[in-house]
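Text of the file coords04.txt, holding compact mmCIF, C-alpha atoms and all ligand atoms:
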```txt
# COMPACT_ATOMS: atom_id res chain seq x y z
CA MET A 1 -18.69 -59.05 201.86
CA ALA A 2 -19.18 -61.39 198.93
CA PRO A 3 -17.69 -59.98 195.72
CA ASP A 4 -20.01 -60.01 192.71
CA PHE A 5 -18.08 -60.66 189.49
CA ASP A 6 -19.68 -60.42 186.13
CA ASN A 7 -16.48 -60.63 184.18
CA THR A 8 -12.83 -61.37 184.14
CA HIS A 9 -11.64 -57.83 184.51
CA ARG A 10 -13.55 -57.20 187.72
CA LEU A 11 -12.33 -60.49 189.16
CA LEU A 12 -8.79 -59.59 188.18
CA VAL A 13 -8.97 -56.17 189.81
CA TYR A 14 -10.48 -57.72 192.91
CA LEU A 15 -7.75 -60.33 193.16
CA CYS A 16 -5.05 -57.72 192.62
CA ARG A 17 -6.48 -55.68 195.49
CA LEU A 18 -6.89 -58.74 197.68
CA PHE A 19 -3.26 -59.75 197.15
CA HIS A 20 -2.10 -56.19 197.45
CA PHE A 21 -3.54 -55.94 200.96
CA GLY A 22 -1.12 -58.44 202.28
CA SER A 23 -2.28 -62.05 202.03
CA GLY A 24 0.47 -64.65 201.79
CA GLN A 25 -0.04 -64.65 198.02
CA ALA A 26 0.90 -60.98 197.69
CA ALA A 27 4.30 -61.51 196.13
CA GLN A 28 2.92 -63.89 193.51
CA ILE A 29 1.58 -61.25 191.09
CA ARG A 30 4.82 -59.96 189.71
CA THR A 31 4.53 -60.42 185.97
CA LEU A 32 2.06 -60.13 183.14
CA LYS A 33 2.02 -63.91 183.03
CA ASP A 34 0.66 -64.05 186.58
CA LEU A 35 -2.19 -61.75 185.53
CA ASP A 36 -2.77 -63.86 182.41
CA ASP A 37 -3.02 -66.94 184.61
CA ILE A 38 -5.65 -65.29 186.80
CA ALA A 39 -7.62 -64.27 183.69
CA ARG A 40 -7.32 -67.82 182.33
CA ARG A 41 -8.70 -69.33 185.53
CA ALA A 42 -11.58 -66.85 185.48
CA PHE A 43 -12.27 -67.71 181.83
CA ALA A 44 -12.43 -71.38 182.75
CA ARG A 45 -15.25 -70.42 185.12
CA GLY A 46 -17.16 -68.90 182.16
CA ALA A 47 -16.67 -65.24 183.02
CA GLU A 48 -15.51 -63.75 179.75
CA THR A 49 -17.47 -62.49 176.74
CA GLU A 50 -16.66 -59.68 174.31
CA ALA A 51 -19.82 -57.76 175.24
CA GLU A 52 -18.99 -57.90 178.94
CA ARG A 53 -15.49 -56.71 178.24
CA ASP A 54 -16.74 -53.78 176.19
CA ARG A 55 -19.21 -52.81 178.91
CA GLU A 56 -16.47 -53.04 181.49
CA ALA A 57 -14.28 -50.74 179.40
CA MET A 58 -17.04 -48.13 179.53
CA LEU A 59 -17.24 -48.45 183.31
CA HIS A 60 -13.48 -47.95 183.62
CA PRO A 61 -12.43 -44.81 181.76
CA ARG A 62 -8.78 -43.93 181.22
CA PRO A 63 -6.95 -43.81 184.57
CA ASP A 64 -5.41 -40.59 185.85
CA VAL A 65 -1.89 -41.88 185.40
CA ILE A 66 -0.33 -42.98 182.11
CA MET A 67 2.96 -44.83 182.06
CA LEU A 68 4.85 -43.89 178.91
CA GLN A 69 7.87 -45.46 177.20
CA THR A 70 9.51 -45.03 173.83
CA ALA A 71 12.49 -46.23 171.78
CA ASP A 72 13.73 -45.89 168.21
CA GLY A 73 13.98 -49.63 167.60
CA GLY A 74 16.93 -52.06 167.68
CA VAL A 75 18.48 -52.85 171.03
CA TYR A 76 16.65 -49.99 172.77
CA ALA A 77 13.34 -51.50 171.69
CA ASP A 78 14.63 -54.81 173.12
CA MET A 79 15.38 -53.04 176.40
CA LEU A 80 11.92 -51.50 176.37
CA ALA A 81 10.39 -54.93 175.80
CA ALA A 82 12.39 -56.38 178.69
CA GLY A 83 11.44 -53.55 181.04
CA ARG A 84 7.84 -53.57 179.88
CA ARG A 85 7.40 -56.99 181.49
CA ALA A 86 7.85 -55.35 184.87
CA ASN A 87 6.41 -51.94 183.97
CA GLU A 88 3.13 -53.05 182.46
CA ALA A 89 2.59 -55.61 185.22
CA TYR A 90 3.07 -52.76 187.71
CA ALA A 91 0.68 -50.55 185.76
CA LEU A 92 -2.01 -53.26 185.69
CA LYS A 93 -1.60 -53.88 189.38
CA HIS A 94 -2.01 -50.19 190.30
CA THR A 95 -4.73 -49.12 187.80
CA ILE A 96 -2.29 -47.14 185.67
CA ALA A 97 -2.56 -46.99 181.88
CA TYR A 98 0.42 -48.08 179.79
CA GLN A 99 1.52 -46.63 176.43
CA SER A 100 4.64 -47.13 174.34
CA PHE A 101 5.83 -45.84 171.00
CA ILE A 102 8.55 -47.37 168.79
CA GLY A 103 10.05 -45.08 166.16
CA ILE A 104 11.32 -41.53 165.75
CA LYS A 105 8.81 -38.67 166.04
CA ARG A 106 11.16 -36.05 164.60
CA GLY A 107 14.65 -36.45 163.17
CA TYR A 108 16.76 -38.87 161.17
CA PHE A 109 19.14 -40.87 163.36
CA PRO A 110 18.40 -43.44 166.06
CA TRP A 111 19.45 -41.17 168.93
CA HIS A 112 16.87 -38.57 167.85
CA ALA A 113 14.30 -40.81 169.55
CA VAL A 114 15.35 -39.07 172.80
CA PHE A 115 13.08 -36.23 171.65
CA ASN A 116 10.05 -38.54 171.38
CA ARG A 117 9.08 -37.93 175.02
CA ILE A 118 8.48 -34.23 174.29
CA PHE A 119 6.11 -34.93 171.39
CA LEU A 120 4.30 -37.80 173.09
CA ILE A 121 3.58 -35.79 176.24
CA ARG A 122 2.56 -32.77 174.18
CA ASP A 123 0.15 -35.01 172.25
CA LEU A 124 -1.48 -36.02 175.55
CA ILE A 125 -1.86 -32.37 176.54
CA GLN A 126 -3.47 -31.60 173.21
CA ALA A 127 -5.83 -34.55 173.71
CA ASP A 128 -6.91 -32.90 177.01
CA PHE A 129 -5.24 -35.40 179.30
CA ARG A 130 -4.82 -33.68 182.66
CA GLY A 131 -3.50 -36.51 184.83
CA TRP A 132 0.08 -37.57 185.54
CA VAL A 133 2.45 -39.00 182.94
CA PHE A 134 4.94 -41.50 184.34
CA TYR A 135 7.76 -41.44 181.81
CA LEU A 136 10.38 -44.20 181.86
CA ASP A 137 13.31 -44.48 179.47
CA ALA A 138 13.59 -47.74 177.57
CA ASP A 139 16.30 -48.76 180.06
CA ALA A 140 14.22 -47.99 183.17
CA TYR A 141 11.93 -50.41 184.98
CA VAL A 142 9.89 -50.74 188.13
CA HIS A 143 11.66 -52.88 190.69
CA TYR A 144 9.39 -52.61 193.75
CA MET A 145 5.98 -53.81 192.57
CA ASP A 146 4.07 -52.88 195.73
CA PHE A 147 4.96 -49.18 195.81
CA ASP A 148 1.75 -47.15 196.18
CA LEU A 149 2.30 -44.56 193.45
CA LEU A 150 -1.23 -43.15 193.56
CA SER A 151 -0.86 -42.20 197.24
CA TYR A 152 2.59 -40.78 196.54
CA LEU A 153 1.18 -38.61 193.75
CA ASN A 154 -1.70 -37.45 195.91
CA ARG A 155 0.88 -36.09 198.33
CA HIS A 156 2.54 -34.16 195.48
CA LEU A 157 -0.50 -32.66 193.75
CA ASP A 158 0.98 -29.17 194.18
CA LYS A 159 4.02 -30.19 192.12
CA ALA A 160 4.31 -29.94 188.34
CA MET A 161 7.12 -32.47 188.01
CA ILE A 162 8.97 -35.11 190.02
CA ALA A 163 12.37 -36.44 188.90
CA GLY A 164 15.57 -37.85 190.33
CA PRO A 165 18.85 -35.91 190.50
CA GLY A 166 21.19 -35.83 187.49
CA GLY A 167 24.75 -35.07 188.61
CA PHE A 168 26.08 -34.89 192.17
CA GLY A 169 26.34 -31.08 192.38
CA GLY A 170 22.91 -30.64 193.97
CA GLU A 171 21.77 -27.80 191.67
CA PRO A 172 17.98 -27.41 191.79
CA TRP A 173 17.67 -27.75 187.99
CA ASP A 174 19.99 -30.75 187.59
CA ILE A 175 17.55 -33.62 187.09
CA ASN A 176 17.82 -36.84 185.14
CA ASP A 177 14.97 -36.84 182.64
CA GLY A 178 15.23 -40.60 182.06
CA VAL A 179 12.54 -41.22 184.68
CA PHE A 180 10.03 -38.61 185.73
CA LEU A 181 6.45 -37.89 186.67
CA ILE A 182 4.76 -34.85 185.18
CA ASN A 183 1.43 -33.48 186.34
CA LEU A 184 -0.47 -32.30 183.27
CA GLY A 185 -3.19 -30.90 185.53
CA HIS A 186 -0.65 -28.26 186.55
CA GLY A 187 -0.34 -25.21 184.28
CA ASP A 188 3.43 -24.97 184.82
CA ALA A 189 3.86 -28.54 183.62
CA ARG A 190 1.97 -27.80 180.41
CA ARG A 191 3.99 -24.60 179.86
CA LEU A 192 7.23 -26.49 180.55
CA ILE A 193 6.42 -29.06 177.85
CA GLU A 194 5.53 -26.25 175.46
CA ASP A 195 8.86 -24.49 176.20
CA TRP A 196 10.74 -27.77 175.75
CA HIS A 197 8.96 -28.34 172.45
CA ASP A 198 9.68 -24.77 171.26
CA ASP A 199 13.34 -25.20 172.17
CA LEU A 200 13.55 -28.39 170.11
CA MET A 201 11.70 -26.82 167.18
CA SER A 202 14.27 -24.00 167.15
CA THR A 203 16.68 -26.66 165.86
CA SER A 204 16.04 -26.88 162.13
CA ASP A 205 15.38 -29.95 160.06
CA GLU A 206 18.67 -29.25 158.30
CA GLU A 207 20.57 -29.28 161.62
CA LEU A 208 18.97 -32.60 162.59
CA ARG A 209 19.87 -34.05 159.21
CA ASN A 210 23.49 -33.21 159.99
CA ALA A 211 23.44 -34.59 163.53
CA PRO A 212 24.18 -38.31 163.27
CA ARG A 213 26.11 -38.50 166.56
CA TRP A 214 24.84 -38.08 170.12
CA GLU A 215 24.79 -34.39 171.08
CA ASP A 216 25.72 -33.15 167.56
CA VAL A 217 22.80 -30.92 168.48
CA PRO A 218 21.76 -30.60 172.17
CA SER A 219 19.82 -33.64 173.37
CA ASP A 220 16.64 -33.58 175.45
CA GLN A 221 18.21 -33.18 178.89
CA PRO A 222 20.48 -30.12 178.42
CA ARG A 223 17.54 -28.36 176.76
CA LEU A 224 15.36 -29.09 179.78
CA HIS A 225 18.11 -27.95 182.18
CA GLN A 226 18.43 -24.68 180.28
CA ILE A 227 14.70 -24.04 180.58
CA LEU A 228 14.60 -24.90 184.30
CA ARG A 229 17.67 -22.76 185.13
CA GLY A 230 16.03 -19.65 183.81
CA ASN A 231 12.66 -20.10 185.53
CA GLU A 232 12.16 -19.81 189.29
CA GLN A 233 8.48 -20.74 188.91
CA TYR A 234 9.34 -24.09 187.29
CA LEU A 235 11.91 -24.80 189.98
CA GLN A 236 9.28 -24.17 192.66
CA GLY A 237 7.05 -26.78 191.01
CA LEU A 238 9.83 -29.37 190.76
CA HIS A 239 10.27 -32.08 193.36
CA ILE A 240 13.61 -33.85 193.22
CA ALA A 241 13.17 -37.39 194.48
CA GLU A 242 15.91 -39.36 196.21
CA ARG A 243 18.38 -40.98 193.83
CA HIS A 244 18.18 -44.31 195.64
CA PHE A 245 14.38 -44.26 195.42
CA PHE A 246 13.75 -43.36 191.85
CA ASN A 247 16.48 -43.38 189.31
CA ASP A 248 19.59 -45.38 189.88
CA ARG A 249 20.99 -48.74 188.84
CA LYS A 250 20.05 -50.24 192.22
CA ALA A 251 17.20 -47.90 193.22
CA ARG A 252 14.37 -49.20 195.39
CA PHE A 253 11.33 -48.23 193.30
CA VAL A 254 12.43 -47.54 189.71
CA ARG A 255 15.76 -48.81 188.44
CA HIS A 256 17.65 -47.31 185.53
CA ALA A 257 20.23 -49.34 183.61
CA LEU A 258 22.29 -46.20 182.97
CA ARG A 259 25.09 -46.04 180.47
CA ARG A 260 28.53 -46.75 181.92
CA PRO A 261 32.02 -46.95 180.41
CA ASN A 262 32.80 -50.36 178.87
CA LEU A 263 29.19 -51.42 179.08
CA ARG A 264 27.57 -52.04 175.71
CA ALA A 265 23.84 -51.69 175.13
CA LEU A 266 23.56 -55.49 174.89
CA ASP A 267 25.26 -55.83 178.27
CA ARG A 268 22.77 -53.39 179.77
CA LEU A 269 19.93 -55.38 178.25
CA ALA A 270 21.31 -58.58 179.79
CA LEU A 271 21.65 -56.89 183.19
CA MET A 272 18.07 -55.62 183.00
CA GLU A 273 16.69 -59.02 182.05
CA ALA A 274 18.62 -60.71 184.84
CA ASP A 275 17.53 -58.15 187.41
CA ILE A 276 13.86 -58.37 186.40
CA SER A 277 13.97 -62.18 186.42
CA ALA A 278 15.67 -62.06 189.79
CA ALA A 279 12.82 -60.00 191.18
CA GLU A 280 10.42 -62.62 189.80
CA SER A 281 11.89 -65.94 190.88
CA PRO A 282 14.44 -67.69 193.10
CA ILE A 283 16.05 -69.26 190.01
CA GLY A 284 16.41 -65.78 188.52
CA ARG A 285 18.11 -64.62 191.69
CA THR A 286 20.76 -67.30 191.23
CA VAL A 287 21.24 -66.33 187.58
CA LEU A 288 21.71 -62.71 188.68
CA LYS A 289 24.40 -63.67 191.16
CA VAL A 290 26.32 -65.66 188.54
CA GLN A 291 25.94 -62.85 185.99
CA SER A 292 27.05 -60.09 188.34
CA TRP A 293 30.06 -62.23 189.24
CA TYR A 294 30.78 -62.65 185.52
CA TRP A 295 30.46 -58.91 184.80
CA SER A 296 32.74 -57.88 187.65
CA TRP A 297 35.25 -60.51 186.55
CA SER A 298 35.16 -59.34 182.92
CA TRP A 299 35.45 -55.66 183.89
CA SER A 300 38.50 -56.31 186.03
CA ARG A 301 40.35 -57.83 183.05
CA PRO A 302 42.45 -55.44 180.96
CA ARG A 303 40.96 -54.77 177.53
MN MN B 1 18.20 -44.04 180.18
```

Could you show the structure in this file as structure tokens?
Ligand SMILES: [Mn+2]
Amino acid sequence: MAPDFDNTHRLLVYLCRLFHFGSGQAAQIRTLKDLDDIARRAFARGAETEAERDREAMLHPRPDVIMLQTADGGVYADMLAAGRRANEAYALKHTIAYQSFIGIKRGYFPWHAVFNRIFLIRDLIQADFRGWVFYLDADAYVHYMDFDLLSYLNRHLDKAMIAGPGGFGGEPWDINDGVFLINLGHGDARRLIEDWHDDLMSTSDEELRNAPRWEDVPSDQPRLHQILRGNEQYLQGLHIAERHFFNDRKARFVRHALRRPNLRALDRLALMEADISAAESPIGRTVLKVQSWYWSWSWSRPR
């Protein structure tokens, strides 16, 4: 079957699919740069015009999955930028939309950006989006680029939310809300976001003004836990994914550079960058080995 390309985008999608279905080149599309290179080669063949691109945009409406990230700025925005390299490349490869927001939606201090996710998802509900939102913290990134998320989601259409476990106690409400998928086509998911929003709005502006330190007022996650604990219906609609699959420092699909004692934000950023580079290239893999040796050496020294 001879493919008929009238522009770059269609060629790009075709090539992504071709590589995805297991040719020897499959592992080569791992970064945005790889996709840029494909687009550049297509351009050299005379494929691209503005009008064609606009027409193509009309033929491809917003996908049913939106990947969403947010950070206040500073080093967390740097982490987001590092992770975005992997995350947006993954989104492009799997026909997922990508959105990110830098800033603070409500509040005064950098950590108040943890509440952004609530407002951003609520905005999507109010704009009638009824697909899945794939939320990733600024310190979370896709590691396994070939994972077929759309098939995975199709197997969980009855669920309102999918997240990894928080602590190790195994309670059905104890999720880590740093990485999750929420199904806005599901009424419980929309109600959950509304409850989460109401809970946050019950904290006054004055209280936020006097909350410069982490958890001076409850952060996003304990609020969500509180809501889930009191609602059997929400718990029924919640799928807790395996920790090693979804939301762990060394997880197989999505990795999370979680906070740890003695690890500064800049260290986490460096670990993320090394890990993402390692996934991209053999040279990166060597850098990662040297770095992980360095970190374990520096941790073992008394401070
Ligand atoms: Mn996080």

Proximity check chain A to ligand MN 1 (chain B), 12 Å, nearest pairs one decimal Å, all atoms listed in the file, as CSV:
```
residue,atom,partner,partner_atom,distance
A:Gln69,CA,B:MN1,MN,10.8
A:Thr70,CA,B:MN1,MN,10.8
A:Ala71,CA,B:MN1,MN,10.4
A:Tyr76,CA,B:MN1,MN,9.6
A:Met79,CA,B:MN1,MN,10.2
A:Leu80,CA,B:MN1,MN,10.5
A:Gly83,CA,B:MN1,MN,11.7
A:Trp111,CA,B:MN1,MN,11.7
A:Ala113,CA,B:MN1,MN,11.8
A:Val114,CA,B:MN1,MN,9.3
A:Tyr135,CA,B:MN1,MN,10.9
A:Leu136,CA,B:MN1,MN,8.0
A:Asp137,CA,B:MN1,MN,5.0
A:Ala138,CA,B:MN1,MN,6.5
A:Asp139,CA,B:MN1,MN,5.1
A:Ala140,CA,B:MN1,MN,6.4
A:Tyr141,CA,B:MN1,MN,10.1
A:Gly166,CA,B:MN1,MN,11.4
A:Asn176,CA,B:MN1,MN,8.8
A:Asp177,CA,B:MN1,MN,8.3
A:Gly178,CA,B:MN1,MN,4.9
A:Val179,CA,B:MN1,MN,7.8
A:Phe180,CA,B:MN1,MN,11.3
A:Asp220,CA,B:MN1,MN,11.6
A:Gln221,CA,B:MN1,MN,10.9
A:Asn247,CA,B:MN1,MN,9.3
A:Asp248,CA,B:MN1,MN,9.9
A:Arg249,CA,B:MN1,MN,10.2
A:Val254,CA,B:MN1,MN,11.7
A:Arg255,CA,B:MN1,MN,9.8
A:His256,CA,B:MN1,MN,6.3
A:Ala257,CA,B:MN1,MN,6.6
A:Leu258,CA,B:MN1,MN,5.4
A:Arg259,CA,B:MN1,MN,7.2
A:Arg260,CA,B:MN1,MN,10.8
A:Ala265,CA,B:MN1,MN,10.8
A:Arg268,CA,B:MN1,MN,10.4
A:Leu269,CA,B:MN1,MN,11.6
A:Met272,CA,B:MN1,MN,11.9
```

Export of prior selection with C-alpha atoms as a PDB file, keeping the file's coordinate frame:
```pdb
ATOM      1  CA  GLN A  69       7.870 -45.460 177.200  1.00  0.00           C
ATOM      2  CA  THR A  70       9.510 -45.030 173.830  1.00  0.00           C
ATOM      3  CA  ALA A  71      12.490 -46.230 171.780  1.00  0.00           C
ATOM      4  CA  TYR A  76      16.650 -49.990 172.770  1.00  0.00           C
ATOM      5  CA  MET A  79      15.380 -53.040 176.400  1.00  0.00           C
ATOM      6  CA  LEU A  80      11.920 -51.500 176.370  1.00  0.00           C
ATOM      7  CA  GLY A  83      11.440 -53.550 181.040  1.00  0.00           C
ATOM      8  CA  TRP A 111      19.450 -41.170 168.930  1.00  0.00           C
ATOM      9  CA  ALA A 113      14.300 -40.810 169.550  1.00  0.00           C
ATOM     10  CA  VAL A 114      15.350 -39.070 172.800  1.00  0.00           C
ATOM     11  CA  TYR A 135       7.760 -41.440 181.810  1.00  0.00           C
ATOM     12  CA  LEU A 136      10.380 -44.200 181.860  1.00  0.00           C
ATOM     13  CA  ASP A 137      13.310 -44.480 179.470  1.00  0.00           C
ATOM     14  CA  ALA A 138      13.590 -47.740 177.570  1.00  0.00           C
ATOM     15  CA  ASP A 139      16.300 -48.760 180.060  1.00  0.00           C
ATOM     16  CA  ALA A 140      14.220 -47.990 183.170  1.00  0.00           C
ATOM     17  CA  TYR A 141      11.930 -50.410 184.980  1.00  0.00           C
ATOM     18  CA  GLY A 166      21.190 -35.830 187.490  1.00  0.00           C
ATOM     19  CA  ASN A 176      17.820 -36.840 185.140  1.00  0.00           C
ATOM     20  CA  ASP A 177      14.970 -36.840 182.640  1.00  0.00           C
ATOM     21  CA  GLY A 178      15.230 -40.600 182.060  1.00  0.00           C
ATOM     22  CA  VAL A 179      12.540 -41.220 184.680  1.00  0.00           C
ATOM     23  CA  PHE A 180      10.030 -38.610 185.730  1.00  0.00           C
ATOM     24  CA  ASP A 220      16.640 -33.580 175.450  1.00  0.00           C
ATOM     25  CA  GLN A 221      18.210 -33.180 178.890  1.00  0.00           C
ATOM     26  CA  ASN A 247      16.480 -43.380 189.310  1.00  0.00           C
ATOM     27  CA  ASP A 248      19.590 -45.380 189.880  1.00  0.00           C
ATOM     28  CA  ARG A 249      20.990 -48.740 188.840  1.00  0.00           C
ATOM     29  CA  VAL A 254      12.430 -47.540 189.710  1.00  0.00           C
ATOM     30  CA  ARG A 255      15.760 -48.810 188.440  1.00  0.00           C
ATOM     31  CA  HIS A 256      17.650 -47.310 185.530  1.00  0.00           C
ATOM     32  CA  ALA A 257      20.230 -49.340 183.610  1.00  0.00           C
ATOM     33  CA  LEU A 258      22.290 -46.200 182.970  1.00  0.00           C
ATOM     34  CA  ARG A 259      25.090 -46.040 180.470  1.00  0.00           C
ATOM     35  CA  ARG A 260      28.530 -46.750 181.920  1.00  0.00           C
ATOM     36  CA  ALA A 265      23.840 -51.690 175.130  1.00  0.00           C
ATOM     37  CA  ARG A 268      22.770 -53.390 179.770  1.00  0.00           C
ATOM     38  CA  LEU A 269      19.930 -55.380 178.250  1.00  0.00           C
ATOM     39  CA  MET A 272      18.070 -55.620 183.000  1.00  0.00           C
TER      40      MET A 272
END
```

Practice problem: Have a look at atom CA of A:Ile240 and atom CA of A:Pro165 and let me know their distance in Å, one decimal. | Solution: 6.3 Å

Practice problem: Choose the residue, out of A:Trp214, A:Phe134, A:Tyr144, A:Tyr234, that has the smallest atom-to-atom separation from A:Trp173; count only C-alpha atoms. | Solution: A:Tyr234

Check which residues of stretch 173-200 of chain A sit at most 8 Å from stretch 124-129 of chain A using all atoms listed in the file, and return one row each with the closest pair of atoms and their distance in Å to one decimal, ordered by chain and rising number, as a Markdown table.
```
| residue | atom | partner | partner_atom | distance |
| --- | --- | --- | --- | --- |
| A:Leu184 | CA | A:Ile125 | CA | 6.9 |
| A:Gly185 | CA | A:Phe129 | CA | 8.0 |
| A:Arg190 | CA | A:Ile125 | CA | 7.1 |
```

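Taking atom CA of A:Phe253 as the reference point, atom CA of A:Asp146 is found at 9.0 Å.
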
Self-check item: Point-to-point distance in Å for atom CA of A:His244 and atom CA of A:Ile66
Solution: 23.0 Å

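With all atoms listed in the file as the basis for measurement, A:Arg130 is the residue among A:Arg130, A:Arg229, A:His156, A:Arg209 that approaches A:Gly187 most closely.
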
Self-check item: Counting all atoms listed in the file, the residue of A:Ser151, A:Ser277, A:Gln233, A:Ser219 that sits nearest A:Arg117
Solution: A:Ser219

Box for stretch 239-242 of chain A - axis-aligned, 8 Å on each of the six sides, all listed atoms - centre and size in Å to one decimal, as JSON.
```
{"center_x": 13.1, "center_y": -35.7, "center_z": 194.7, "size_x": 21.6, "size_y": 23.3, "size_z": 19.0}
```

Quiz item: Taking into account all atoms listed in the file, which residue in the set A:His112, A:Arg122, A:Lys93, A:Arg85 is nearest to A:Pro212?
Solution: A:His112

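The smallest atom-to-atom distance between A:Ala251 and any of A:Leu120, A:Ile96, A:Val142, A:Ile162, using all atoms listed in the file, is found for A:Val142.
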
Quiz prompt | For A:His186: contacts at 9 Å, only C-alpha atoms, fewer than 4 positions along chain excluded, given as number ranges by chain | solution = A: 130-131, 157-161, 182, 190-191

Practice problem: Considering all atoms listed in the file, state which residue in the set A:Asp174, A:Leu263, A:Asn210, A:Ile193 is at the smallest distance from A:His239. | Solution: A:Asp174

Quiz item: A:Arg106: which residues within 12 Å, counting all atoms listed in the file, same-chain residues fewer than 6 positions away excluded, as a VMD selection string?
Solution: chain A and resid 72 112 to 120 197 200 to 201 203 to 209
